[in-house]
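Data file: query_32.cif. Format and content: mmCIF, C-alpha atoms.
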```cif
data_final
#
loop_
_atom_site.group_PDB
_atom_site.id
_atom_site.type_symbol
_atom_site.label_atom_id
_atom_site.label_comp_id
_atom_site.auth_asym_id
_atom_site.auth_seq_id
_atom_site.Cartn_x
_atom_site.Cartn_y
_atom_site.Cartn_z
ATOM 1 C CA MET A 696 148.871 -123.265 -37.841
ATOM 2 C CA LYS A 697 145.583 -122.197 -39.447
ATOM 3 C CA LYS A 698 142.414 -121.923 -37.367
ATOM 4 C CA PHE A 699 139.041 -122.905 -38.743
ATOM 5 C CA ALA A 700 135.541 -121.743 -37.991
ATOM 6 C CA ILE A 701 132.382 -123.722 -38.628
ATOM 7 C CA LEU A 702 129.633 -121.770 -40.386
ATOM 8 C CA PRO A 703 126.258 -123.129 -41.460
ATOM 9 C CA MET A 704 125.844 -122.971 -45.223
ATOM 10 C CA LEU A 705 122.051 -122.866 -45.272
ATOM 11 C CA GLY A 706 121.874 -119.357 -46.694
ATOM 12 C CA LEU A 707 124.203 -120.246 -49.549
ATOM 13 C CA GLY A 708 121.817 -122.627 -51.278
ATOM 14 C CA PHE A 709 122.928 -125.950 -49.796
ATOM 15 C CA ALA A 710 120.010 -128.336 -49.435
ATOM 16 C CA THR A 711 121.208 -130.003 -46.248
ATOM 17 C CA ALA A 712 121.801 -128.540 -42.826
ATOM 18 C CA SER A 713 125.441 -129.611 -42.897
ATOM 19 C CA SER A 714 128.274 -127.281 -41.981
ATOM 20 C CA ALA A 715 131.495 -126.680 -43.845
ATOM 21 C CA ALA A 716 134.840 -125.625 -42.409
ATOM 22 C CA ILE A 717 136.279 -122.463 -43.870
ATOM 23 C CA SER A 718 139.310 -120.546 -42.771
ATOM 24 C CA MET A 719 138.765 -117.897 -40.118
ATOM 25 C CA LEU A 720 137.870 -114.457 -41.418
ATOM 26 C CA HIS A 721 140.682 -111.918 -41.319
ATOM 27 C CA GLU A 722 138.468 -109.596 -39.263
ATOM 28 C CA GLU A 723 137.883 -112.347 -36.717
ATOM 29 C CA GLU A 724 141.630 -112.963 -36.446
ATOM 30 C CA MET A 725 142.176 -109.268 -35.765
ATOM 31 C CA ALA A 726 139.419 -109.276 -33.150
ATOM 32 C CA ARG A 727 140.877 -112.354 -31.450
ATOM 33 C CA ASP A 728 144.243 -110.569 -31.288
ATOM 34 C CA GLU A 729 142.529 -107.595 -29.643
ATOM 35 C CA GLU A 730 140.769 -109.938 -27.199
ATOM 36 C CA ALA A 731 144.145 -111.295 -26.152
ATOM 37 C CA ARG A 732 145.176 -107.715 -25.300
ATOM 38 C CA ILE A 733 142.230 -107.048 -22.977
ATOM 39 C CA ILE A 734 143.624 -105.659 -19.736
ATOM 40 C CA THR A 735 142.657 -108.051 -16.946
ATOM 41 C CA HIS A 736 144.037 -106.128 -13.946
ATOM 42 C CA PRO A 737 143.844 -102.429 -13.212
ATOM 43 C CA ILE A 738 146.925 -100.380 -14.065
ATOM 44 C CA ALA A 739 149.059 -99.911 -10.927
ATOM 45 C CA GLY A 740 146.382 -101.851 -9.030
ATOM 46 C CA ILE A 741 144.162 -98.770 -8.907
ATOM 47 C CA GLU A 742 140.469 -99.550 -9.214
ATOM 48 C CA ASN A 743 138.987 -96.181 -10.162
ATOM 49 C CA ARG A 744 136.135 -95.053 -12.407
ATOM 50 C CA PHE A 745 138.331 -95.451 -15.499
ATOM 51 C CA TRP A 746 138.964 -99.114 -14.656
ATOM 52 C CA PHE A 747 135.293 -99.832 -14.054
ATOM 53 C CA ASP A 748 134.262 -97.934 -17.188
ATOM 54 C CA TYR A 749 136.791 -99.955 -19.186
ATOM 55 C CA ARG A 750 135.477 -103.273 -17.854
ATOM 56 C CA ILE A 751 131.872 -102.264 -18.554
ATOM 57 C CA ASP A 752 132.761 -101.135 -22.093
ATOM 58 C CA VAL A 753 134.539 -104.441 -22.817
ATOM 59 C CA THR A 754 131.515 -106.396 -21.573
ATOM 60 C CA GLU A 755 129.167 -104.279 -23.693
ATOM 61 C CA ALA A 756 131.345 -104.831 -26.773
ATOM 62 C CA GLN A 757 131.225 -108.593 -26.172
ATOM 63 C CA LYS A 758 127.433 -108.534 -25.838
ATOM 64 C CA GLU A 759 127.090 -106.414 -28.965
ATOM 65 C CA LEU A 760 129.308 -108.836 -30.909
ATOM 66 C CA SER A 761 127.164 -111.760 -29.797
ATOM 67 C CA SER A 762 124.014 -109.946 -30.891
ATOM 68 C CA ASP A 763 125.544 -108.894 -34.233
ATOM 69 C CA LEU A 764 126.707 -112.454 -34.973
ATOM 70 C CA ARG A 765 123.235 -113.833 -34.263
ATOM 71 C CA ARG A 766 121.673 -111.340 -36.664
ATOM 72 C CA ALA A 767 124.293 -111.789 -39.402
ATOM 73 C CA SER A 768 122.742 -112.982 -42.642
ATOM 74 C CA ASP A 769 125.855 -113.193 -44.824
ATOM 75 C CA VAL A 770 129.644 -113.139 -44.715
ATOM 76 C CA GLU A 771 129.752 -109.356 -45.028
ATOM 77 C CA ASP A 772 127.644 -109.013 -41.864
ATOM 78 C CA LEU A 773 130.086 -111.313 -40.072
ATOM 79 C CA ARG A 774 133.044 -109.272 -41.272
ATOM 80 C CA ASP A 775 131.401 -106.041 -40.125
ATOM 81 C CA ALA A 776 130.587 -107.473 -36.690
ATOM 82 C CA TRP A 777 134.121 -108.730 -36.065
ATOM 83 C CA GLU A 778 135.714 -105.536 -37.391
ATOM 84 C CA GLU A 779 133.532 -103.338 -35.178
ATOM 85 C CA TYR A 780 134.300 -105.524 -32.156
ATOM 86 C CA ALA A 781 138.063 -105.275 -32.728
ATOM 87 C CA HIS A 782 137.786 -101.510 -33.180
ATOM 88 C CA GLN A 783 135.780 -101.130 -29.960
ATOM 89 C CA LEU A 784 138.203 -103.224 -27.906
ATOM 90 C CA ARG A 785 141.218 -101.311 -29.215
ATOM 91 C CA GLY A 786 139.565 -97.944 -28.629
ATOM 92 C CA GLU A 787 138.465 -98.736 -25.103
ATOM 93 C CA ARG A 788 141.906 -100.090 -24.162
ATOM 94 C CA GLU A 789 143.671 -97.035 -25.581
ATOM 95 C CA HIS A 790 141.256 -94.679 -23.808
ATOM 96 C CA TYR A 791 141.799 -96.399 -20.448
ATOM 97 C CA VAL A 792 145.604 -96.417 -20.839
ATOM 98 C CA GLU A 793 145.607 -92.725 -21.843
ATOM 99 C CA GLU A 794 143.425 -91.690 -18.901
ATOM 100 C CA MET A 795 145.678 -93.513 -16.465
ATOM 101 C CA ALA A 796 148.826 -92.099 -18.110
ATOM 102 C CA GLU A 797 147.450 -88.567 -17.641
ATOM 103 C CA ARG A 798 147.329 -89.343 -13.930
ATOM 104 C CA GLY A 799 150.921 -90.615 -13.878
ATOM 105 C CA TYR A 800 150.244 -94.364 -14.091
ATOM 106 C CA ARG A 801 151.733 -96.299 -16.966
ATOM 107 C CA LEU A 802 150.891 -99.731 -18.326
ATOM 108 C CA GLY A 803 153.889 -101.908 -17.432
ATOM 109 C CA ARG A 804 155.779 -103.920 -19.986
ATOM 110 C CA VAL A 805 158.450 -106.535 -19.268
ATOM 111 C CA ILE A 806 161.118 -107.311 -21.860
ATOM 112 C CA VAL A 807 163.414 -110.312 -21.358
ATOM 113 C CA VAL A 808 166.714 -110.289 -23.242
ATOM 114 C CA ASP A 809 169.251 -113.130 -23.416
#
```
Mind turning the file's structure into structure tokens?
Amino acid sequence: MKKFAILPMLGLGFATASSAAISMLHEEEMARDEEARIITHPIAGIENRFWFDYRIDVTEAQKELSSDLRRASDVEDLRDAWEEYAHQLRGEREHYVEEMAERGYRLGRVIVVD
């Protein structure tokens, strides 16, 4: 199933203020995948400075994305904003998981086999 995003086409020379549906940018798809991987509960239930730093960094990345999307003037700006957002989310998650692993706490994973 393909997802669609609505983008105003004013900057592309269309005379009306209508919007056209185009397929979601690859960079946005990647960012949405990273969003789905945001850790919502602290590893091992331990709320320490690494957990709070992670949550703050995720919130800052979301705010920065919002700001970048508002300022975007063309498709390349949109691509850059989404790509940077995905990169930030991935980096912050990996940093948090590594810091907790150094302290002996691992991110749990459940695998169900028939």
Residue contacts of range 796-798 of chain A (12 Å, all atoms listed in the file) excluding same-chain residues fewer than 3 positions away, as number ranges by chain: A: 738-739, 741, 743, 745, 789-793, 801-803
Could you list the residues chosen by the PyMOL selection byres ((chain A and resi 729-736) around 9) in this structure as a ChimeraX atom specification? /A:724-728,737-742,746,749-750,753,780-782,784-785,788
Output, as AutoDock Vina command-line options, the centre and edge lengths in Å (one decimal) of the axis-aligned box that contains all listed atoms of range 775-794 of chain A with 5 Å of margin on each side.
```
--center_x 138.1 --center_y -100.2 --center_z -29.5 --size_x 25.0 --size_y 27.0 --size_z 31.2
```
Resolved residues for the PyMOL selection byres ((chain A and resi 761-763) around 9) as JSON, numbers by chain: {"A": [756, 757, 758, 759, 760, 764, 765, 766, 767, 772, 773, 775, 776, 777]}
Pick the closest to Glu787 in chain A from A:Arg774, A:Asp769, A:Asp752, A:Tyr800: which is it, counting only C-alpha atoms? A:Asp752
By how many Å are CA of Gln783 in chain A and CA of Glu755 in chain A apart? 9.6 Å
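The gap separating CA of Gly786 in chain A from CA of Val805 in chain A is 22.8 Å, in Å to one decimal.
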Enter the distance from CA of Leu720 in chain A to CA of Glu779 in chain A, in Å, rounded to one decimal. 13.5 Å
